[in-house]
Each structure stands twice: as C-alpha cells, then as structure tokens.
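Just model39.tsv here, TSV, N, CA and C atoms:
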chain	number	residue	atom	x	y	z
A	4	MET	N	6.16	5.99	14.83
A	4	MET	CA	5.45	5.62	13.63
A	4	MET	C	6.40	4.84	12.72
A	5	GLU	N	5.94	3.73	12.20
A	5	GLU	CA	6.74	2.88	11.34
A	5	GLU	C	6.43	3.17	9.87
A	6	THR	N	7.46	3.19	9.03
A	6	THR	CA	7.29	3.36	7.60
A	6	THR	C	7.72	2.09	6.90
A	7	VAL	N	6.81	1.54	6.09
A	7	VAL	CA	7.10	0.32	5.33
A	7	VAL	C	6.84	0.58	3.86
A	8	GLN	N	7.59	-0.14	3.02
A	8	GLN	CA	7.44	0.02	1.57
A	8	GLN	C	7.11	-1.32	0.95
A	9	PHE	N	6.28	-1.25	-0.10
A	9	PHE	CA	5.88	-2.45	-0.83
A	9	PHE	C	6.04	-2.22	-2.32
A	10	LYS	N	6.48	-3.24	-3.01
A	10	LYS	CA	6.46	-3.26	-4.47
A	10	LYS	C	5.08	-3.81	-4.84
A	11	THR	N	4.34	-3.08	-5.70
A	11	THR	CA	2.96	-3.48	-5.99
A	11	THR	C	2.70	-3.57	-7.49
A	12	ASN	N	1.50	-4.02	-7.82
A	12	ASN	CA	1.03	-3.98	-9.21
A	12	ASN	C	-0.11	-2.96	-9.34
A	13	ILE	N	-0.12	-1.97	-8.48
A	13	ILE	CA	-1.07	-0.85	-8.55
A	13	ILE	C	-0.52	0.11	-9.60
A	14	LYS	N	-1.21	0.23	-10.74
A	14	LYS	CA	-0.58	0.94	-11.85
A	14	LYS	C	-1.35	2.14	-12.40
A	15	CYS	N	-2.52	2.45	-11.85
A	15	CYS	CA	-3.27	3.58	-12.40
A	15	CYS	C	-4.15	4.20	-11.32
A	16	SER	N	-4.78	5.30	-11.65
A	16	SER	CA	-5.64	5.97	-10.68
A	16	SER	C	-6.86	5.12	-10.33
A	17	GLY	N	-7.31	4.28	-11.26
A	17	GLY	CA	-8.42	3.37	-10.97
A	17	GLY	C	-8.02	2.34	-9.92
A	18	CYS	N	-6.78	1.86	-10.03
A	18	CYS	CA	-6.26	0.91	-9.04
A	18	CYS	C	-6.18	1.58	-7.66
A	19	ILE	N	-5.70	2.81	-7.65
A	19	ILE	CA	-5.60	3.54	-6.39
A	19	ILE	C	-6.99	3.74	-5.78
A	20	ALA	N	-7.97	4.04	-6.62
A	20	ALA	CA	-9.34	4.21	-6.12
A	20	ALA	C	-9.85	2.91	-5.50
A	21	ALA	N	-9.45	1.78	-6.06
A	21	ALA	CA	-9.90	0.48	-5.54
A	21	ALA	C	-9.27	0.15	-4.18
A	22	VAL	N	-8.01	0.53	-3.98
A	22	VAL	CA	-7.34	0.19	-2.71
A	22	VAL	C	-7.51	1.27	-1.64
A	23	THR	N	-7.96	2.45	-2.02
A	23	THR	CA	-8.08	3.55	-1.06
A	23	THR	C	-8.92	3.20	0.16
A	24	PRO	N	-10.13	2.66	0.02
A	24	PRO	CA	-10.91	2.37	1.23
A	24	PRO	C	-10.21	1.36	2.15
A	25	VAL	N	-9.58	0.36	1.56
A	25	VAL	CA	-8.90	-0.67	2.34
A	25	VAL	C	-7.70	-0.09	3.07
A	26	LEU	N	-6.87	0.67	2.35
A	26	LEU	CA	-5.67	1.24	2.99
A	26	LEU	C	-6.04	2.31	4.01
A	27	ASN	N	-7.08	3.09	3.75
A	27	ASN	CA	-7.51	4.09	4.73
A	27	ASN	C	-7.95	3.42	6.02
A	28	GLU	N	-8.61	2.27	5.88
A	28	GLU	CA	-9.09	1.56	7.07
A	28	GLU	C	-7.93	0.95	7.85
A	29	VAL	N	-6.98	0.36	7.14
A	29	VAL	CA	-5.88	-0.35	7.80
A	29	VAL	C	-4.81	0.62	8.31
A	30	ALA	N	-4.41	1.57	7.47
A	30	ALA	CA	-3.28	2.44	7.80
A	30	ALA	C	-3.70	3.83	8.26
A	31	GLY	N	-4.87	4.25	7.88
A	31	GLY	CA	-5.33	5.60	8.20
A	31	GLY	C	-5.21	6.51	6.99
A	32	GLN	N	-6.17	7.39	6.85
A	32	GLN	CA	-6.19	8.32	5.72
A	32	GLN	C	-4.94	9.20	5.74
A	33	ASP	N	-4.39	9.45	4.58
A	33	ASP	CA	-3.20	10.30	4.40
A	33	ASP	C	-1.92	9.70	4.99
A	34	ASN	N	-1.94	8.41	5.31
A	34	ASN	CA	-0.74	7.75	5.85
A	34	ASN	C	-0.07	6.85	4.82
A	35	TRP	N	-0.52	6.92	3.57
A	35	TRP	CA	0.06	6.06	2.54
A	35	TRP	C	0.07	6.79	1.21
A	36	GLU	N	0.93	6.31	0.31
A	36	GLU	CA	1.07	6.92	-1.00
A	36	GLU	C	1.65	5.89	-1.97
A	37	VAL	N	1.14	5.88	-3.21
A	37	VAL	CA	1.67	5.01	-4.26
A	37	VAL	C	2.38	5.88	-5.28
A	38	ASP	N	3.61	5.52	-5.61
A	38	ASP	CA	4.38	6.23	-6.63
A	38	ASP	C	4.18	5.52	-7.96
A	39	LEU	N	3.26	6.02	-8.77
A	39	LEU	CA	2.95	5.40	-10.05
A	39	LEU	C	4.08	5.59	-11.07
A	40	GLN	N	4.98	6.54	-10.83
A	40	GLN	CA	6.10	6.79	-11.74
A	40	GLN	C	7.23	5.79	-11.53
A	41	SER	N	7.29	5.18	-10.38
A	41	SER	CA	8.33	4.21	-10.07
A	41	SER	C	8.08	2.92	-10.84
A	42	PRO	N	9.14	2.29	-11.36
A	42	PRO	CA	8.96	1.00	-12.05
A	42	PRO	C	8.38	-0.07	-11.13
A	43	ASP	N	8.63	0.04	-9.82
A	43	ASP	CA	8.12	-0.93	-8.86
A	43	ASP	C	6.76	-0.56	-8.30
A	44	LYS	N	6.20	0.59	-8.74
A	44	LYS	CA	4.91	1.08	-8.23
A	44	LYS	C	4.92	1.04	-6.70
A	45	LEU	N	5.88	1.75	-6.12
A	45	LEU	CA	6.10	1.71	-4.68
A	45	LEU	C	4.94	2.27	-3.88
A	46	LEU	N	4.52	1.50	-2.91
A	46	LEU	CA	3.54	1.92	-1.92
A	46	LEU	C	4.32	2.18	-0.64
A	47	VAL	N	4.21	3.40	-0.10
A	47	VAL	CA	4.87	3.76	1.15
A	47	VAL	C	3.78	4.02	2.18
A	48	VAL	N	3.87	3.31	3.29
A	48	VAL	CA	2.87	3.45	4.36
A	48	VAL	C	3.58	3.85	5.64
A	49	SER	N	3.12	4.92	6.26
A	49	SER	CA	3.64	5.37	7.56
A	49	SER	C	2.50	5.28	8.56
A	50	THR	N	2.60	4.31	9.46
A	50	THR	CA	1.51	4.12	10.41
A	50	THR	C	1.99	3.36	11.63
A	51	ASP	N	1.29	3.54	12.71
A	51	ASP	CA	1.51	2.69	13.88
A	51	ASP	C	0.25	1.88	14.15
A	52	LYS	N	-0.69	1.97	13.21
A	52	LYS	CA	-1.97	1.27	13.33
A	52	LYS	C	-1.87	-0.20	12.91
A	53	ALA	N	-1.04	-0.49	11.89
A	53	ALA	CA	-1.00	-1.84	11.33
A	53	ALA	C	0.43	-2.26	11.04
A	54	GLY	N	0.64	-3.56	11.06
A	54	GLY	CA	1.95	-4.10	10.73
A	54	GLY	C	2.05	-4.42	9.25
A	55	LYS	N	3.26	-4.78	8.84
A	55	LYS	CA	3.56	-5.09	7.45
A	55	LYS	C	2.63	-6.17	6.89
A	56	GLU	N	2.44	-7.25	7.66
A	56	GLU	CA	1.62	-8.36	7.19
A	56	GLU	C	0.16	-7.94	7.02
A	57	GLU	N	-0.34	-7.17	7.95
A	57	GLU	CA	-1.74	-6.74	7.90
A	57	GLU	C	-1.98	-5.84	6.68
A	58	ILE	N	-1.04	-4.96	6.38
A	58	ILE	CA	-1.16	-4.09	5.21
A	58	ILE	C	-1.11	-4.92	3.94
A	59	GLN	N	-0.18	-5.86	3.87
A	59	GLN	CA	-0.05	-6.72	2.70
A	59	GLN	C	-1.32	-7.52	2.47
A	60	GLN	N	-1.88	-8.08	3.51
A	60	GLN	CA	-3.12	-8.85	3.39
A	60	GLN	C	-4.27	-7.98	2.91
A	61	ALA	N	-4.35	-6.76	3.39
A	61	ALA	CA	-5.42	-5.85	2.97
A	61	ALA	C	-5.31	-5.53	1.48
A	62	ILE	N	-4.10	-5.30	0.99
A	62	ILE	CA	-3.89	-5.01	-0.43
A	62	ILE	C	-4.28	-6.22	-1.26
A	63	GLU	N	-3.87	-7.41	-0.83
A	63	GLU	CA	-4.19	-8.63	-1.56
A	63	GLU	C	-5.69	-8.91	-1.54
A	64	LYS	N	-6.34	-8.58	-0.45
A	64	LYS	CA	-7.80	-8.75	-0.35
A	64	LYS	C	-8.51	-7.85	-1.35
A	65	ALA	N	-7.91	-6.69	-1.64
A	65	ALA	CA	-8.48	-5.76	-2.62
A	65	ALA	C	-8.18	-6.20	-4.05
A	66	GLY	N	-7.38	-7.26	-4.21
A	66	GLY	CA	-7.12	-7.80	-5.54
A	66	GLY	C	-5.80	-7.41	-6.16
A	67	TYR	N	-4.88	-6.90	-5.36
A	67	TYR	CA	-3.57	-6.46	-5.87
A	67	TYR	C	-2.46	-7.20	-5.15
A	68	LYS	N	-1.29	-7.19	-5.74
A	68	LYS	CA	-0.13	-7.84	-5.14
A	68	LYS	C	0.72	-6.80	-4.43
A	69	ALA	N	1.33	-7.23	-3.34
A	69	ALA	CA	2.22	-6.36	-2.58
A	69	ALA	C	3.35	-7.20	-2.04
A	70	GLU	N	4.57	-6.78	-2.30
A	70	GLU	CA	5.75	-7.46	-1.79
A	70	GLU	C	6.53	-6.49	-0.93
A	71	ALA	N	6.67	-6.82	0.34
A	71	ALA	CA	7.38	-5.94	1.26
A	71	ALA	C	8.83	-5.81	0.85
A	72	ILE	N	9.34	-4.61	0.96
A	72	ILE	CA	10.75	-4.32	0.66
A	72	ILE	C	11.46	-4.12	1.99
A	73	ALA	N	12.50	-4.89	2.21
A	73	ALA	CA	13.21	-4.84	3.50
A	73	ALA	C	13.97	-3.56	3.67
As a first step, turn the structure in this file into structure tokens.
Amino acid sequence: METVQFKTNIKCSGCIAAVTPVLNEVAGQDNWEVDLQSPDKLLVVSTDKAGKEEIQQAIEKAGYKAEAIA
C-alpha cells in the first residue's frame, strides 16, 4: 500500500464533506485523512487503488487544490 501526501486548500468540515465522495471513490473509504490543524492542510492517502496523479485530479475535480509532497 502506498502513502502519499498533498498540501491542500481544504480548510473546514464543509470542505471535507465536499471531497469525501470523490476521495472515497478514488482511494477507498477510511484510506485518507485531512489534518485541518496543519498550516498546509495535509491530506494523507494510503491506498493501492489510485496513483498520485489520479488522486490529485479527483481533488481538483471537486473544486480544491492539491499539491503532492515528495
């Protein structure tokens, strides 16, 4: 299972509610988490279902920005 991190502009529970269906579909339920306390609003995804680019595209399709952290 691969773990990838993204710096996002997901900043509240409403934002999380908006991306939940998309991330559940791409990465799988309970395979991702957003740290709203982090200044970078880190999204951590652990999955073997999707790659970094696919996850980033899904977040952007939902209307949010995501920048992969190497």
For A:Val29, which of A:Lys64, A:Glu70, A:Thr11, A:Ile58 is the closest residue, counting only N, CA and C atoms? A:Ile58
Measuring between all atoms listed in the file, which one of A:Ala69, A:Lys10, A:Ser49, A:Glu63 shows the shortest distance to A:Ala30?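 Among the listed residues, A:Ser49 lies closest to A:Ala30.
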Using the chain letters and numbers from this document, which residues of chain A does DSSP assign to strand (DSSP E), as a ChimeraX atom specification? /A:5-11,35-38,45-50,69-72
Looking only at the backbone, which of the residues in chain A does DSSP tag as alpha helix (DSSP H), as a PyMOL selection string? chain A and resi 16-30+55-64
Using only C-alpha atoms: which of A:Val7, A:Ala73, A:Ala20, A:Leu39 has the shortest distance to A:Gln59: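 Closest residue, counting only C-alpha atoms: A:Val7.
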What does the distance from atom C of A:Pro42 to atom N of A:Ile19 come to in Å, to one decimal? 14.8 Å
Please measure the separation of atom C of A:Asn12 and atom N of A:Ala53, giving the value in Å to one decimal.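 These two atoms are separated by 21.4 Å.
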For atom C of A:Thr50 and atom CA of A:Glu28, determine how far apart the two atoms are, in Å to one decimal place.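 Between atom C of A:Thr50 and atom CA of A:Glu28 the gap is 12.1 Å.
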Residues at most 12 Å from A:Pro24, counting only C-alpha atoms, excluding those fewer than 6 positions away in the same chain, as a list in words?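 Here the qualifying residues turn out to be Cys18, Ala30, Gly31, Gln32, Asp33, Trp35, Ala61, Ile62, Lys64 and Ala65 of chain A.
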Return as AutoDock Vina command-line options the centre and edge lengths, in Å with one decimal, of the box along x, y and z that encloses every atom of stretch 24-35 of chain A in the file, padded by 3 Å per side.
--center_x -5.4 --center_y 4.8 --center_z 4.2 --size_x 17.0 --size_y 17.0 --size_z 14.3
Rank A:Asp51, A:Glu56, A:Asp38, A:Asp43 by their smallest atom-to-atom distance to A:Glu5, using only C-alpha atoms, and report the top residue only.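 Nearest candidate to A:Glu5 out of A:Asp51, A:Glu56, A:Asp38, A:Asp43: A:Asp51.
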Calculated over all atoms listed in the file, which of the candidates A:Lys68, A:Phe9, A:Asn34, A:Met4 has the smallest distance to A:Leu46? A:Phe9
Give the answer as one residue: which of A:Gly66, A:Val37, A:Cys15, A:Leu26 has the shortest atom-to-atom distance to A:Lys52, using only C-alpha atoms?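 The shortest atom-to-atom distance to A:Lys52 comes from A:Leu26.
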